[in-house]
Amino acid sequence: MKFLDQAKVYVRSGDGGAGCVSFRREKFIEFGGPNGGDGGRGGDVVVECTDGLNTLIDYRYQQHFKARPGMHGMGKNRNGPRGDDVVLKVPQGTEIYTEDGETLLADMTEVGQRVVLARGGNGGFGNAYFKSSTNQAPRHANPGQTGTEMWIWLRLKLIADAGLVGLPNAGKSTFLAAVSAAKPKIADYPFTTLHPGLGVVGVDGREFVLADIPGLIEGAHEGHGLGDRFLGHVERCRVLLHLVDGTGEHAGKAYKTVRAELEAYGHGLSDKPEIVVLTKADSLDDETRKDQVARLKRASKRTPYVISAASGAGVREVLRAVMATLDGVAAAEAETDDAPWQP
């Protein structure tokens, strides 16, 4: 199934039904008076966060969604029924923007969350509503209000605890396949991963969700390579797992290239806790490994983990470090929430 994380959709709520002009016409009842009913309210446009979806592929083949209009009022004081709503089901982590792509309307982060994007028009009043002591036979009714129409953008941002970043062919997909049941495509050429992927990782009886995105290259924020389009999928991650290819020319330069792209992208990615990992250690001799570790340590200003995802060497230590960092972030968030309010 094709991964689709962005879609433009047209939505329109239903028009309200018109009120009715009617009078009682019954045998032996003189001066029956008005009895026109009110029109029904138009249907709403509702967005619902649903479990079991992981892509916006449904909106590739249908881009127009219109709620049903309300029915008009009828005689004998019968009100028109309300129009049916139209419900857009989206996966968890979907953001809804206006047509300009900048104004956020809703952020669907919890399963079962429902947001009304466009409310249906009110139904018009029938002539019975306008009856008074001075106007006992009104011959007019209100038309229903028109619905609301708009174009919106749906953007999916995967919800994961940790995110993998790095240059193409840094071993991200191999690492994800080694620590989870996910089966990403793995090959010995760059840009093997074209779409983000998720995997559930277990360590010491606990679990966390790991996200893998396509690799970045220098100038990704300017659109080079696959660009920085998929960086939005790690915006919600609490920890970044930065993988650097140990078989590359210079591990420190590779690290700085990716960090520069994260800083250029913004949205707080460069401020997230980071764990630096040197991969493909099984393909390095002792001297090369020592040189690459030293270069990466100088560039990142921290001691990197050295692993081989193919053999499993050092992988468990990295997973434990990720879990410990997640615990630290959760504790800091809890402490912030419990802090007393300061005027």
# chains A, B, ... in the order shown; residues from 1 in each chain; ligands from 1
$ select_by_dssp --residues "range 62-159 of chain A" --states "strand (DSSP E or B)" --output "ChimeraX atom specification"
/A:64-66,74,78,86-90,94-98,104-108,114-118,149-156
$ residues_around --residues "range 20-28 of chain A" --least-positions-apart "6" --cutoff "10 Å" --atoms "only C-alpha atoms" --output "number ranges by chain"
A: 34-39, 72-80, 124-128, 137-143
$ write_last_selection --atoms "C-alpha atoms" --output "CSV table (one decimal), in the first residue's frame"
chain,number,residue,atom,x,y,z
A,34,PRO,CA,-50.3,29.4,10.2
A,35,ASN,CA,-48.8,26.0,10.8
A,36,GLY,CA,-45.6,26.0,8.6
A,37,GLY,CA,-42.7,24.0,10.2
A,38,ASP,CA,-39.1,25.0,10.4
A,39,GLY,CA,-36.4,23.7,8.1
A,72,HIS,CA,-37.4,21.9,4.3
A,73,GLY,CA,-40.3,22.4,6.7
A,74,MET,CA,-43.8,21.2,6.0
A,75,GLY,CA,-47.3,22.0,6.9
A,76,LYS,CA,-49.1,20.8,10.1
A,77,ASN,CA,-46.1,22.2,12.1
A,78,ARG,CA,-43.7,19.5,10.8
A,79,ASN,CA,-40.1,20.4,11.0
A,80,GLY,CA,-37.6,19.1,8.4
A,124,GLY,CA,-35.1,28.6,8.3
A,125,PHE,CA,-38.2,29.4,10.5
A,126,GLY,CA,-41.6,28.5,9.1
A,127,ASN,CA,-44.5,31.1,9.1
A,128,ALA,CA,-45.8,29.7,12.4
A,137,ALA,CA,-51.5,35.4,9.3
A,138,PRO,CA,-47.8,35.8,8.4
A,139,ARG,CA,-47.2,34.8,4.8
A,140,HIS,CA,-43.4,34.6,4.8
A,141,ALA,CA,-40.7,32.2,6.1
A,142,ASN,CA,-37.0,32.2,6.3
A,143,PRO,CA,-34.7,30.4,3.9
$ atom_distance --atom1 "CA of His250 in chain A" --atom2 "CA of Gln292 in chain A"
6.9 Å
$ residues_around --residues "Thr257 in chain A" --least-positions-apart "4" --cutoff "8 Å" --atoms "only C-alpha atoms" --output "VMD selection string"
chain A and resid 217 to 218 253 261
$ select_by_dssp --residues "range 101-228 of chain A" --states "helix (DSSP H, G or I)" --output "ChimeraX atom specification"
/A:127-130,172-179,220-222
$ write_last_selection --atoms "N, CA, C and O atoms" --output "CSV table (one decimal), in the first residue's frame"
chain,number,residue,atom,x,y,z
A,127,ASN,N,-43.6,29.9,8.8
A,127,ASN,CA,-44.5,31.1,9.1
A,127,ASN,C,-45.1,31.0,10.5
A,127,ASN,O,-45.6,32.0,11.1
A,128,ALA,N,-45.2,29.8,11.1
A,128,ALA,CA,-45.8,29.7,12.4
A,128,ALA,C,-45.0,30.4,13.5
A,128,ALA,O,-45.5,30.8,14.5
A,129,TYR,N,-43.7,30.5,13.2
A,129,TYR,CA,-42.8,31.2,14.1
A,129,TYR,C,-43.1,32.7,14.2
A,129,TYR,O,-42.8,33.3,15.3
A,130,PHE,N,-43.6,33.2,13.2
A,130,PHE,CA,-43.8,34.7,13.1
A,130,PHE,C,-45.2,35.1,13.5
A,130,PHE,O,-45.5,36.3,13.5
A,172,LYS,N,20.1,2.7,9.0
A,172,LYS,CA,18.9,2.9,9.8
A,172,LYS,C,17.9,1.8,9.6
A,172,LYS,O,17.3,1.3,10.6
A,173,SER,N,17.7,1.4,8.4
A,173,SER,CA,16.7,0.3,8.1
A,173,SER,C,17.2,-1.0,8.7
A,173,SER,O,16.4,-1.8,9.2
A,174,THR,N,18.5,-1.3,8.6
A,174,THR,CA,19.1,-2.5,9.2
A,174,THR,C,18.9,-2.5,10.7
A,174,THR,O,18.6,-3.5,11.3
A,175,PHE,N,19.1,-1.4,11.3
A,175,PHE,CA,18.9,-1.3,12.8
A,175,PHE,C,17.5,-1.5,13.1
A,175,PHE,O,17.2,-2.3,14.1
A,176,LEU,N,16.5,-0.9,12.4
A,176,LEU,CA,15.1,-1.1,12.7
A,176,LEU,C,14.7,-2.5,12.5
A,176,LEU,O,13.9,-3.1,13.3
A,177,ALA,N,15.2,-3.2,11.5
A,177,ALA,CA,14.9,-4.6,11.3
A,177,ALA,C,15.5,-5.5,12.3
A,177,ALA,O,14.9,-6.5,12.7
A,178,ALA,N,16.6,-5.1,12.9
A,178,ALA,CA,17.3,-5.9,13.9
A,178,ALA,C,16.6,-5.8,15.2
A,178,ALA,O,16.7,-6.8,16.0
A,179,VAL,N,16.0,-4.7,15.6
A,179,VAL,CA,15.5,-4.5,16.9
A,179,VAL,C,14.0,-4.6,17.0
A,179,VAL,O,13.4,-4.6,18.1
A,220,ALA,N,19.3,19.3,2.1
A,220,ALA,CA,18.0,18.7,2.1
A,220,ALA,C,16.9,19.7,2.4
A,220,ALA,O,15.8,19.7,1.8
A,221,HIS,N,17.2,20.8,3.2
A,221,HIS,CA,16.2,21.8,3.5
A,221,HIS,C,16.0,22.7,2.2
A,221,HIS,O,15.0,23.4,2.2
A,222,GLU,N,16.8,22.6,1.2
A,222,GLU,CA,16.6,23.3,0.0
A,222,GLU,C,15.9,22.4,-1.1
A,222,GLU,O,15.8,22.8,-2.2
$ closest_residue --among "A:Arg320, A:Lys66, A:His267, A:Lys280" --to "Gly246 in chain A" --atoms "only C-alpha atoms"
A:Lys280
$ closest_residue --among "A:Leu240, A:Ala334, A:Val116, A:Ala324" --to "Pro273 in chain A" --atoms "only C-alpha atoms"
A:Leu240
$ atom_distance --atom1 "CA of Ser180 in chain A" --atom2 "CA of Leu278 in chain A"
19.3 Å
$ closest_residue --among "A:Leu104, A:Arg68, A:Pro81, A:Asn135" --to "Gly120 in chain A" --atoms "only C-alpha atoms"
A:Arg68
$ residues_around --residues "Ser13 in chain A" --least-positions-apart "2" --cutoff "10 Å" --atoms "only C-alpha atoms" --output "list in words"
Val11, Asp15, Gly16, Gly42, Gly43, Asp44, Val45, Val46, Phe65, Lys66, Ala67, Arg68, Pro69, Gly83, Asp84, Asp85, Val86, Leu117, Ala118, Arg119, Gly120, Gly121, Thr146, Gly147, Thr148, Glu149 and Met150 of chain A
